[in-house]
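Pasted below: entry.json, JSON, C-alpha atoms.
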```
[["chain", "number", "residue", "atom", "x", "y", "z"],
["A", 1, "MET", "CA", 35.12, 1.61, -5.43],
["A", 2, "TYR", "CA", 32.92, 3.88, -7.53],
["A", 3, "ASN", "CA", 32.94, 4.93, -11.15],
["A", 4, "LEU", "CA", 32.60, 8.60, -10.29],
["A", 5, "SER", "CA", 32.01, 9.70, -13.87],
["A", 6, "SER", "CA", 28.77, 7.71, -13.92],
["A", 7, "TYR", "CA", 27.52, 9.19, -10.66],
["A", 8, "ASN", "CA", 28.37, 12.90, -10.93],
["A", 9, "THR", "CA", 27.19, 13.69, -14.44],
["A", 10, "GLY", "CA", 23.47, 13.95, -13.70],
["A", 11, "PRO", "CA", 21.95, 17.30, -12.73],
["A", 12, "PHE", "CA", 20.36, 17.99, -9.36],
["A", 13, "THR", "CA", 16.81, 19.25, -8.91],
["A", 14, "LEU", "CA", 16.20, 22.12, -6.48],
["A", 15, "SER", "CA", 12.66, 21.64, -5.15],
["A", 16, "GLY", "CA", 12.25, 24.83, -3.11],
["A", 17, "ILE", "CA", 11.01, 25.24, 0.47],
["A", 18, "PRO", "CA", 9.45, 21.92, 1.59],
["A", 19, "GLY", "CA", 5.92, 22.27, 2.90],
["A", 20, "LEU", "CA", 5.42, 25.73, 1.39],
["A", 21, "GLU", "CA", 5.28, 24.82, -2.31],
["A", 22, "GLN", "CA", 1.76, 26.20, -2.70],
["A", 23, "TYR", "CA", 2.90, 29.56, -1.32],
["A", 24, "HIS", "CA", 6.02, 29.91, -3.49],
["A", 25, "VAL", "CA", 4.49, 32.56, -5.75],
["A", 26, "TRP", "CA", 3.45, 34.70, -2.78],
["A", 27, "ILE", "CA", 6.82, 34.25, -1.05],
["A", 28, "SER", "CA", 8.51, 35.39, -4.26],
["A", 29, "ILE", "CA", 6.96, 38.89, -4.02],
["A", 30, "PRO", "CA", 8.89, 40.08, -0.93],
["A", 31, "PHE", "CA", 11.97, 38.13, -2.06],
["A", 32, "CYS", "CA", 11.98, 39.87, -5.43],
["A", 33, "PHE", "CA", 11.49, 43.29, -3.82],
["A", 34, "ILE", "CA", 14.24, 42.76, -1.23],
["A", 35, "TYR", "CA", 16.62, 41.44, -3.89],
["A", 36, "PHE", "CA", 15.93, 44.53, -6.01],
["A", 37, "VAL", "CA", 16.67, 46.74, -2.99],
["A", 38, "ALA", "CA", 19.93, 44.84, -2.35],
["A", 39, "ILE", "CA", 21.10, 45.21, -5.96],
["A", 40, "VAL", "CA", 20.19, 48.91, -6.24],
["A", 41, "CYS", "CA", 21.48, 50.01, -2.83],
["A", 42, "ASN", "CA", 24.78, 48.12, -3.02],
["A", 43, "SER", "CA", 25.35, 49.31, -6.59],
["A", 44, "ILE", "CA", 24.74, 52.94, -5.56],
["A", 45, "LEU", "CA", 27.09, 52.50, -2.61],
["A", 46, "VAL", "CA", 29.90, 51.09, -4.78],
["A", 47, "TYR", "CA", 29.33, 53.78, -7.42],
["A", 48, "LEU", "CA", 29.54, 56.61, -4.87],
["A", 49, "ILE", "CA", 32.71, 55.23, -3.28],
["A", 50, "VAL", "CA", 34.35, 54.87, -6.70],
["A", 51, "VAL", "CA", 33.47, 58.32, -8.10],
["A", 52, "GLU", "CA", 33.65, 60.46, -4.94],
["A", 53, "HIS", "CA", 37.25, 61.30, -4.04],
["A", 54, "SER", "CA", 36.21, 62.31, -0.52],
["A", 55, "LEU", "CA", 35.21, 58.67, 0.07],
["A", 56, "HIS", "CA", 38.59, 57.28, -1.00],
["A", 57, "THR", "CA", 39.54, 56.28, 2.54],
["A", 58, "PRO", "CA", 40.30, 52.85, 4.04],
["A", 59, "MET", "CA", 36.92, 52.63, 5.80],
["A", 60, "PHE", "CA", 34.96, 53.22, 2.59],
["A", 61, "PHE", "CA", 37.27, 50.93, 0.61],
["A", 62, "PHE", "CA", 36.41, 48.07, 2.97],
["A", 63, "LEU", "CA", 32.76, 49.11, 2.79],
["A", 64, "SER", "CA", 32.85, 48.86, -1.01],
["A", 65, "MET", "CA", 34.37, 45.36, -0.63],
["A", 66, "LEU", "CA", 31.48, 44.44, 1.68],
["A", 67, "ALA", "CA", 28.94, 45.77, -0.83],
["A", 68, "LEU", "CA", 30.52, 43.83, -3.71],
["A", 69, "THR", "CA", 30.62, 40.67, -1.62],
["A", 70, "ASP", "CA", 26.94, 41.12, -0.71],
["A", 71, "LEU", "CA", 26.11, 41.52, -4.41],
["A", 72, "ILE", "CA", 27.89, 38.24, -5.16],
["A", 73, "LEU", "CA", 26.20, 36.47, -2.22],
["A", 74, "SER", "CA", 22.65, 37.49, -3.15],
["A", 75, "THR", "CA", 23.14, 37.03, -6.91],
["A", 76, "THR", "CA", 24.60, 33.56, -6.37],
["A", 77, "CYS", "CA", 21.37, 32.30, -4.79],
["A", 78, "VAL", "CA", 18.36, 34.58, -5.26],
["A", 79, "PRO", "CA", 17.82, 34.43, -9.09],
["A", 80, "LYS", "CA", 17.68, 30.61, -8.94],
["A", 81, "THR", "CA", 15.41, 30.81, -5.91],
["A", 82, "LEU", "CA", 13.00, 33.14, -7.72],
["A", 83, "SER", "CA", 12.92, 30.83, -10.76],
["A", 84, "ILE", "CA", 11.90, 27.98, -8.42],
["A", 85, "PHE", "CA", 9.19, 30.13, -6.83],
["A", 86, "TRP", "CA", 7.82, 31.15, -10.25],
["A", 87, "PHE", "CA", 8.29, 28.05, -12.41],
["A", 88, "GLY", "CA", 8.55, 25.13, -9.98],
["A", 89, "PRO", "CA", 11.51, 22.81, -9.25],
["A", 90, "GLN", "CA", 14.58, 23.70, -11.29],
["A", 91, "LYS", "CA", 17.47, 21.58, -12.47],
["A", 92, "ILE", "CA", 21.06, 22.61, -11.84],
["A", 93, "SER", "CA", 24.11, 20.84, -13.27],
["A", 94, "PHE", "CA", 26.68, 19.28, -10.95],
["A", 95, "PRO", "CA", 29.38, 21.86, -11.91],
["A", 96, "GLY", "CA", 26.77, 24.61, -11.49],
["A", 97, "CYS", "CA", 25.90, 23.26, -8.05],
["A", 98, "LEU", "CA", 29.58, 23.18, -7.04],
["A", 99, "THR", "CA", 30.02, 26.75, -8.30],
["A", 100, "GLN", "CA", 26.99, 27.96, -6.36],
["A", 101, "LEU", "CA", 27.98, 26.32, -3.07],
["A", 102, "PHE", "CA", 31.55, 27.62, -3.43],
["A", 103, "PHE", "CA", 30.52, 31.26, -3.90],
["A", 104, "LEU", "CA", 27.85, 30.97, -1.19],
["A", 105, "HIS", "CA", 30.33, 29.84, 1.48],
["A", 106, "TYR", "CA", 33.28, 31.82, 0.12],
["A", 107, "THR", "CA", 31.35, 35.09, 0.41],
["A", 108, "PHE", "CA", 30.28, 34.15, 3.95],
["A", 109, "VAL", "CA", 33.90, 33.71, 5.12],
["A", 110, "LEU", "CA", 34.97, 36.79, 3.13],
["A", 111, "ASP", "CA", 32.19, 38.91, 4.69],
["A", 112, "SER", "CA", 33.45, 37.92, 8.12],
["A", 113, "ALA", "CA", 37.03, 38.86, 7.20],
["A", 114, "ILE", "CA", 35.90, 42.24, 5.80],
["A", 115, "LEU", "CA", 34.03, 43.01, 9.04],
["A", 116, "LEU", "CA", 37.25, 42.23, 10.92],
["A", 117, "ALA", "CA", 39.21, 44.57, 8.61],
["A", 118, "MET", "CA", 36.63, 47.31, 9.20],
["A", 119, "ALA", "CA", 36.89, 46.80, 12.96],
["A", 120, "PHE", "CA", 40.68, 47.13, 12.73],
["A", 121, "ASP", "CA", 40.26, 50.32, 10.66],
["A", 122, "ARG", "CA", 37.98, 51.85, 13.32],
["A", 123, "TYR", "CA", 40.37, 50.74, 16.08],
["A", 124, "VAL", "CA", 43.31, 52.52, 14.46],
["A", 125, "ALA", "CA", 41.21, 55.62, 13.60],
["A", 126, "ILE", "CA", 39.91, 56.06, 17.15],
["A", 127, "CYS", "CA", 42.68, 54.64, 19.35],
["A", 128, "SER", "CA", 45.70, 55.82, 17.30],
["A", 129, "PRO", "CA", 44.42, 58.70, 15.11],
["A", 130, "LEU", "CA", 47.84, 60.30, 14.68],
["A", 131, "ARG", "CA", 49.25, 57.07, 13.22],
["A", 132, "TYR", "CA", 46.23, 56.27, 11.05],
["A", 133, "THR", "CA", 47.71, 57.38, 7.72],
["A", 134, "THR", "CA", 51.05, 55.73, 8.44],
["A", 135, "ILE", "CA", 49.51, 52.39, 9.45],
["A", 136, "LEU", "CA", 46.74, 52.12, 6.86],
["A", 137, "THR", "CA", 48.68, 53.16, 3.79],
["A", 138, "PRO", "CA", 47.33, 52.27, 0.30],
["A", 139, "LYS", "CA", 49.90, 49.46, 0.12],
["A", 140, "ALA", "CA", 48.79, 48.08, 3.48],
["A", 141, "ILE", "CA", 45.12, 48.22, 2.45],
["A", 142, "VAL", "CA", 45.82, 46.28, -0.75],
["A", 143, "LYS", "CA", 47.74, 43.66, 1.26],
["A", 144, "ILE", "CA", 44.82, 43.32, 3.70],
["A", 145, "ALA", "CA", 42.32, 43.01, 0.83],
["A", 146, "VAL", "CA", 44.38, 40.38, -0.98],
["A", 147, "GLY", "CA", 45.12, 38.54, 2.27],
["A", 148, "ILE", "CA", 41.51, 38.21, 3.41],
["A", 149, "SER", "CA", 40.41, 37.20, -0.11],
["A", 150, "LEU", "CA", 43.05, 34.46, -0.29],
["A", 151, "ARG", "CA", 42.31, 33.29, 3.25],
["A", 152, "SER", "CA", 38.61, 32.93, 2.44],
["A", 153, "PHE", "CA", 39.45, 31.04, -0.75],
["A", 154, "CYS", "CA", 41.83, 28.66, 1.02],
["A", 155, "VAL", "CA", 39.37, 28.01, 3.86],
["A", 156, "PHE", "CA", 36.54, 26.83, 1.66],
["A", 157, "VAL", "CA", 37.97, 25.54, -1.63],
["A", 158, "PRO", "CA", 38.75, 22.11, -0.06],
["A", 159, "CYS", "CA", 35.00, 21.64, 0.48],
["A", 160, "VAL", "CA", 34.47, 21.80, -3.29],
["A", 161, "PHE", "CA", 36.90, 18.90, -3.76],
["A", 162, "LEU", "CA", 35.33, 17.01, -0.85],
["A", 163, "VAL", "CA", 31.94, 17.21, -2.56],
["A", 164, "ASN", "CA", 33.37, 16.51, -6.01],
["A", 165, "ARG", "CA", 34.86, 13.19, -4.83],
["A", 166, "LEU", "CA", 31.48, 11.87, -3.61],
["A", 167, "PRO", "CA", 29.38, 9.39, -5.59],
["A", 168, "PHE", "CA", 25.71, 10.37, -5.91],
["A", 169, "CYS", "CA", 23.80, 7.17, -6.58],
["A", 170, "LYS", "CA", 20.70, 8.05, -4.54],
["A", 171, "THR", "CA", 18.18, 10.79, -5.22],
["A", 172, "HIS", "CA", 19.35, 13.96, -6.98],
["A", 173, "ILE", "CA", 16.52, 16.03, -5.51],
["A", 174, "ILE", "CA", 17.72, 18.76, -3.12],
["A", 175, "ALA", "CA", 14.97, 19.97, -0.77],
["A", 176, "HIS", "CA", 16.30, 23.52, -0.83],
["A", 177, "THR", "CA", 16.36, 26.59, -3.06],
["A", 178, "TYR", "CA", 20.14, 26.53, -3.58],
["A", 179, "CYS", "CA", 23.13, 24.20, -3.23],
["A", 180, "GLU", "CA", 25.03, 24.31, 0.03],
["A", 181, "HIS", "CA", 27.83, 22.06, 1.16],
["A", 182, "ILE", "CA", 26.32, 19.73, 3.77],
["A", 183, "GLY", "CA", 22.92, 19.59, 2.07],
["A", 184, "VAL", "CA", 24.51, 18.32, -1.14],
["A", 185, "ALA", "CA", 26.94, 15.98, 0.65],
["A", 186, "ARG", "CA", 24.07, 14.24, 2.48],
["A", 187, "LEU", "CA", 22.74, 13.01, -0.87],
["A", 188, "ALA", "CA", 25.88, 10.93, -1.43],
["A", 189, "CYS", "CA", 26.00, 7.15, -1.04],
["A", 190, "ALA", "CA", 29.34, 7.23, 0.79],
["A", 191, "ASP", "CA", 30.78, 8.24, 4.14],
["A", 192, "ILE", "CA", 30.63, 12.04, 4.50],
["A", 193, "SER", "CA", 32.22, 12.33, 7.96],
["A", 194, "ILE", "CA", 35.14, 14.37, 6.63],
["A", 195, "ASN", "CA", 32.72, 16.70, 4.82],
["A", 196, "ILE", "CA", 30.72, 17.27, 8.01],
["A", 197, "TRP", "CA", 33.70, 17.86, 10.27],
["A", 198, "TYR", "CA", 35.75, 19.95, 7.86],
["A", 199, "GLY", "CA", 32.70, 21.88, 6.62],
["A", 200, "PHE", "CA", 31.68, 22.65, 10.18],
["A", 201, "SER", "CA", 34.90, 22.99, 12.16],
["A", 202, "VAL", "CA", 37.28, 24.86, 9.82],
["A", 203, "PRO", "CA", 34.95, 27.66, 8.59],
["A", 204, "ILE", "CA", 33.32, 28.03, 12.02],
["A", 205, "MET", "CA", 36.68, 28.26, 13.82],
["A", 206, "THR", "CA", 37.86, 30.82, 11.26],
["A", 207, "VAL", "CA", 34.75, 32.92, 11.83],
["A", 208, "ILE", "CA", 34.93, 32.52, 15.63],
["A", 209, "ILE", "CA", 38.49, 33.88, 15.57],
["A", 210, "ASP", "CA", 37.17, 36.84, 13.56],
["A", 211, "VAL", "CA", 34.37, 37.38, 16.10],
["A", 212, "ILE", "CA", 36.81, 37.32, 19.03],
["A", 213, "LEU", "CA", 39.14, 39.82, 17.35],
["A", 214, "ILE", "CA", 36.18, 42.06, 16.41],
["A", 215, "ALA", "CA", 34.93, 41.94, 20.02],
["A", 216, "VAL", "CA", 38.38, 42.85, 21.35],
["A", 217, "SER", "CA", 38.65, 45.72, 18.83],
["A", 218, "TYR", "CA", 35.30, 47.23, 19.77],
["A", 219, "THR", "CA", 35.95, 46.80, 23.49],
["A", 220, "LEU", "CA", 39.14, 48.85, 23.08],
["A", 221, "ILE", "CA", 37.31, 51.33, 20.82],
["A", 222, "LEU", "CA", 34.48, 51.91, 23.32],
["A", 223, "GLY", "CA", 37.02, 52.36, 26.10],
["A", 224, "ALA", "CA", 38.81, 55.03, 24.03],
["A", 225, "VAL", "CA", 35.53, 56.69, 22.96],
["A", 226, "PHE", "CA", 34.27, 57.20, 26.50],
["A", 227, "ARG", "CA", 37.58, 58.85, 27.40],
["A", 228, "LEU", "CA", 37.24, 61.48, 24.67],
["A", 229, "PRO", "CA", 37.03, 65.01, 26.17],
["A", 230, "SER", "CA", 34.68, 66.34, 23.49],
["A", 231, "ARG", "CA", 31.05, 65.22, 23.62],
["A", 232, "ASP", "CA", 30.60, 65.85, 19.87],
["A", 233, "ALA", "CA", 33.63, 63.71, 19.04],
["A", 234, "CYS", "CA", 32.29, 60.99, 21.32],
["A", 235, "GLN", "CA", 28.86, 61.01, 19.64],
["A", 236, "LYS", "CA", 30.43, 60.99, 16.16],
["A", 237, "ALA", "CA", 32.63, 58.01, 17.05],
["A", 238, "LEU", "CA", 29.70, 56.15, 18.61],
["A", 239, "GLY", "CA", 27.58, 56.84, 15.51],
["A", 240, "THR", "CA", 30.22, 55.39, 13.21],
["A", 241, "CYS", "CA", 30.77, 52.36, 15.44],
["A", 242, "GLY", "CA", 27.02, 51.90, 15.88],
["A", 243, "SER", "CA", 26.51, 51.27, 12.16],
["A", 244, "HIS", "CA", 29.36, 48.73, 12.18],
["A", 245, "ILE", "CA", 27.92, 46.91, 15.20],
["A", 246, "CYS", "CA", 24.43, 46.76, 13.60],
["A", 247, "VAL", "CA", 25.88, 45.20, 10.46],
["A", 248, "ILE", "CA", 27.99, 42.75, 12.51],
["A", 249, "LEU", "CA", 24.94, 41.56, 14.48],
["A", 250, "MET", "CA", 22.81, 41.24, 11.32],
["A", 251, "PHE", "CA", 25.52, 39.11, 9.74],
["A", 252, "TYR", "CA", 26.63, 36.80, 12.54],
["A", 253, "ILE", "CA", 23.37, 35.99, 14.38],
["A", 254, "PRO", "CA", 21.50, 34.39, 11.43],
["A", 255, "ALA", "CA", 24.73, 32.88, 10.06],
["A", 256, "PHE", "CA", 25.55, 31.07, 13.31],
["A", 257, "PHE", "CA", 21.95, 29.93, 13.70],
["A", 258, "SER", "CA", 21.97, 28.42, 10.20],
["A", 259, "ILE", "CA", 25.35, 26.69, 10.72],
["A", 260, "LEU", "CA", 24.46, 25.28, 14.15],
["A", 261, "ALA", "CA", 21.01, 24.16, 12.97],
["A", 262, "HIS", "CA", 22.71, 22.11, 10.23],
["A", 263, "ARG", "CA", 25.04, 20.40, 12.69],
["A", 264, "PHE", "CA", 22.94, 20.08, 15.86],
["A", 265, "GLY", "CA", 19.41, 21.30, 15.12],
["A", 266, "HIS", "CA", 17.77, 17.93, 14.46],
["A", 267, "ASN", "CA", 14.58, 19.19, 16.13],
["A", 268, "VAL", "CA", 14.43, 22.38, 14.05],
["A", 269, "PRO", "CA", 11.64, 22.03, 11.43],
["A", 270, "ARG", "CA", 13.17, 21.73, 7.97],
["A", 271, "THR", "CA", 10.74, 24.29, 6.55],
["A", 272, "PHE", "CA", 11.78, 26.87, 9.16],
["A", 273, "HIS", "CA", 15.48, 26.13, 8.67],
["A", 274, "ILE", "CA", 15.37, 26.51, 4.87],
["A", 275, "MET", "CA", 13.20, 29.64, 5.08],
["A", 276, "PHE", "CA", 15.69, 31.15, 7.55],
["A", 277, "ALA", "CA", 18.61, 30.15, 5.31],
["A", 278, "ASN", "CA", 16.95, 31.99, 2.41],
["A", 279, "LEU", "CA", 16.41, 35.10, 4.51],
["A", 280, "TYR", "CA", 20.11, 35.02, 5.49],
["A", 281, "VAL", "CA", 21.29, 35.36, 1.88],
["A", 282, "ILE", "CA", 18.93, 38.25, 1.09],
["A", 283, "ILE", "CA", 18.22, 40.33, 4.23],
["A", 284, "PRO", "CA", 21.79, 41.36, 5.26],
["A", 285, "PRO", "CA", 22.80, 42.35, 1.68],
["A", 286, "ALA", "CA", 19.70, 44.57, 1.49],
["A", 287, "LEU", "CA", 20.04, 46.11, 4.97],
["A", 288, "ASN", "CA", 23.81, 46.69, 5.08],
["A", 289, "PRO", "CA", 23.91, 49.63, 2.61],
["A", 290, "ILE", "CA", 20.75, 51.10, 4.18],
["A", 291, "VAL", "CA", 22.28, 50.99, 7.67],
["A", 292, "TYR", "CA", 25.48, 52.65, 6.44],
["A", 293, "GLY", "CA", 23.47, 55.17, 4.42],
["A", 294, "VAL", "CA", 21.46, 56.21, 7.48],
["A", 295, "LYS", "CA", 24.27, 56.08, 10.04],
["A", 296, "THR", "CA", 27.17, 57.51, 8.00],
["A", 297, "LYS", "CA", 26.83, 61.22, 7.25],
["A", 298, "GLN", "CA", 29.28, 61.24, 4.31],
["A", 299, "ILE", "CA", 27.31, 58.55, 2.48],
["A", 300, "ARG", "CA", 23.94, 60.05, 3.41],
["A", 301, "ASP", "CA", 24.95, 63.43, 2.00],
["A", 302, "LYS", "CA", 26.31, 61.90, -1.22],
["A", 303, "VAL", "CA", 23.15, 59.82, -1.76],
["A", 304, "ILE", "CA", 20.96, 62.91, -1.32],
["A", 305, "LEU", "CA", 23.17, 64.82, -3.76],
["A", 306, "LEU", "CA", 22.95, 61.96, -6.27],
["A", 307, "LEU", "CA", 19.18, 61.44, -6.03],
["A", 308, "PHE", "CA", 18.06, 65.05, -5.45],
["A", 309, "PRO", "CA", 20.68, 67.31, -7.07],
["A", 310, "LYS", "CA", 18.37, 70.34, -7.31],
["A", 311, "ARG", "CA", 17.30, 70.15, -3.67],
["A", 312, "SER", "CA", 20.98, 69.86, -2.62],
["A", 313, "GLN", "CA", 21.82, 73.09, -4.45],
["A", 314, "LEU", "CA", 19.17, 75.12, -2.62]]
```
Please go through the file and, once you have read it, give me the structure as structure tokens.
Amino acid sequence: MYNLSSYNTGPFTLSGIPGLEQYHVWISIPFCFIYFVAIVCNSILVYLIVVEHSLHTPMFFFLSMLALTDLILSTTCVPKTLSIFWFGPQKISFPGCLTQLFFLHYTFVLDSAILLAMAFDRYVAICSPLRYTTILTPKAIVKIAVGISLRSFCVFVPCVFLVNRLPFCKTHIIAHTYCEHIGVARLACADISINIWYGFSVPIMTVIIDVILIAVSYTLILGAVFRLPSRDACQKALGTCGSHICVILMFYIPAFFSILAHRFGHNVPRTFHIMFANLYVIIPPALNPIVYGVKTKQIRDKVILLLFPKRSQL
């Protein structure tokens, strides 16, 4: 019905946050600072986990995966967003738009899977400590890492093909700072029902399953923690789990709000929705390494040693 080659070749224009165009330069200041914090903190975290042999444990391996995924998530969107804030609406090619929306949603599903893997790690460490090294062997960790990466890829790669098949004969202006699946699909001059239902139901059901399993894991963990005879051991376990729970809440609450607002939030102001969507891709990547740095003693000590070597020797 359509000559797709004549519809998909033109670039899209990302216009920024609608209604706040005159404030783009001012909004860019905190965005640039938070992005810098995310890049520096996650890079330090990955560096410490790689070079410090004492951090070569399953928990810190999954934490390094989370940090790398956060780096990909923020770098996929924020540089383009800052260029819009500084220089006005920016063009992005159709392949570039597909690439951006793929990595945006892929890292979201992968983040969720990594949080589930971390919850499983804590469950084994606290509920079955004597079997920890036999269950989470290096081979098992690699299998988990490969499995969750492939699962995330398989969940979202069909959306790329669903967008690629669409003819875009209407406007090519995207009222956003980055390309995301449903926002791009709504510009098409064809039926996008399958895009809406697959893009909403499959990723959301995958993430909901992760949330349920994480909730079950931490319910069992808290039950085991409160049965510990030693108060110090109980506080240490709660401290470790507390950092995980903070990161989980920071990730899922804004993510679910953004997803549900797209599907059902017709009364949510577009300016608020897009501003919130931008905060989602920059705030959690910046806060995650800070939360783990404050809450996890091993990381806190290594960061102090890295930044203040002379003070650490005193």
Distance criterion (only C-alpha atoms): nearest to Thr133 in chain A out of A:Asn278, A:Cys32, A:Asp121, A:Thr177 = A:Asp121
Selected residue, from A:Ala175, A:Ile214, A:Ile253, A:Ile84, that lies nearest to Arg270 in chain A when counting all atoms listed in the file = A:Ala175
Determine, counting only C-alpha atoms, which protein, DNA and RNA residues have an atom within 12 Å of an atom of Val146 in chain A; residues of the same chain fewer than 6 positions away are not included. Present the result as a PyMOL selection string.
-> chain A and resi 62+65+110+113-114+117+139-140+152-153
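Shell of Phe156 in chain A at 9 Å, with only C-alpha atoms counted and residues fewer than 5 places along the chain excluded, is Phe102, His105, Tyr106, Val109, Arg151, Gly199, Val202 and Pro203 of chain A.
The nearest approach to Gly242 in chain A among the residues A:Arg165, A:Pro309, A:Val142, A:Ala119, with all atoms listed in the file taken into account, belongs to A:Ala119.
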Using all atoms listed in the file, which residues sit within 12 Å of Pro18 in chain A once same-chain residues fewer than 6 positions away are excluded, as JSON, numbers by chain?
-> {"A": [24, 84, 85, 89, 173, 174, 175, 176, 177, 269, 270, 271, 272, 273, 274, 275]}
How many Å separate CA of Ala188 in chain A from CA of His172 in chain A?
-> 9.1 Å
Within 9 Å of (28.5, 50.3, -2.0) (coordinates as in the file), grab all the protein and nucleic acid residues, counting only C-alpha atoms, and write them out as a PyMOL selection string.
-> chain A and resi 41-50+60+63-68+289
Atom-to-atom span, CA of Pro284 in chain A and CA of Asp70 in chain A, Å = 7.9 Å
Counting all atoms listed in the file, note down every residue that has an atom within 8 Å of the point (27.5, 50.2, 8.5) (file coordinates), as a list of chain:residue names.
-> A:Leu63, A:Thr240, A:Cys241, A:Gly242, A:Ser243, A:His244, A:Ile245, A:Cys246, A:Val247, A:Asn288, A:Pro289, A:Val291, A:Tyr292, A:Gly293, A:Lys295, A:Thr296
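CA of Tyr132 in chain A lies 14.8 Å from CA of Phe61 in chain A.
Within the 9 Å cut-off around Thr76 in chain A, using only C-alpha atoms and omitting residues fewer than 4 positions from it on the same chain, the listed residues are Leu71, Ile72, Lys80, Thr99, Gln100, Leu101, Phe103, Leu104 and Tyr178 of chain A.
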For Leu162 in chain A, list every protein, DNA or RNA residue within 9 Å, evaluated using all atoms listed in the file, and leave out those in the same chain fewer than 4 positions away; present the list as an NGL selection string.
-> :A and (157-158 or 166 or 185 or 192 or 194-195)
Output C-alpha atoms of each residue in that selection to a file, as a PDB file, keeping the file's coordinate frame.
```pdb
ATOM      1  CA  VAL A 157      37.970  25.540  -1.630  1.00  0.00           C
ATOM      2  CA  PRO A 158      38.750  22.110  -0.060  1.00  0.00           C
ATOM      3  CA  LEU A 166      31.480  11.870  -3.610  1.00  0.00           C
ATOM      4  CA  ALA A 185      26.940  15.980   0.650  1.00  0.00           C
ATOM      5  CA  ILE A 192      30.630  12.040   4.500  1.00  0.00           C
ATOM      6  CA  ILE A 194      35.140  14.370   6.630  1.00  0.00           C
ATOM      7  CA  ASN A 195      32.720  16.700   4.820  1.00  0.00           C
TER       8      ASN A 195
END
```
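Checking A:Leu222, A:His53, A:Val216, A:Pro58 one by one against Ala145 in chain A, counting all atoms listed in the file, you find the shortest gap at A:Pro58.
Shortest separation to Thr69 in chain A among A:Val51, A:Leu115, A:Ile182, A:Ile248 occurs at residue A:Leu115, atoms counted being all atoms listed in the file.
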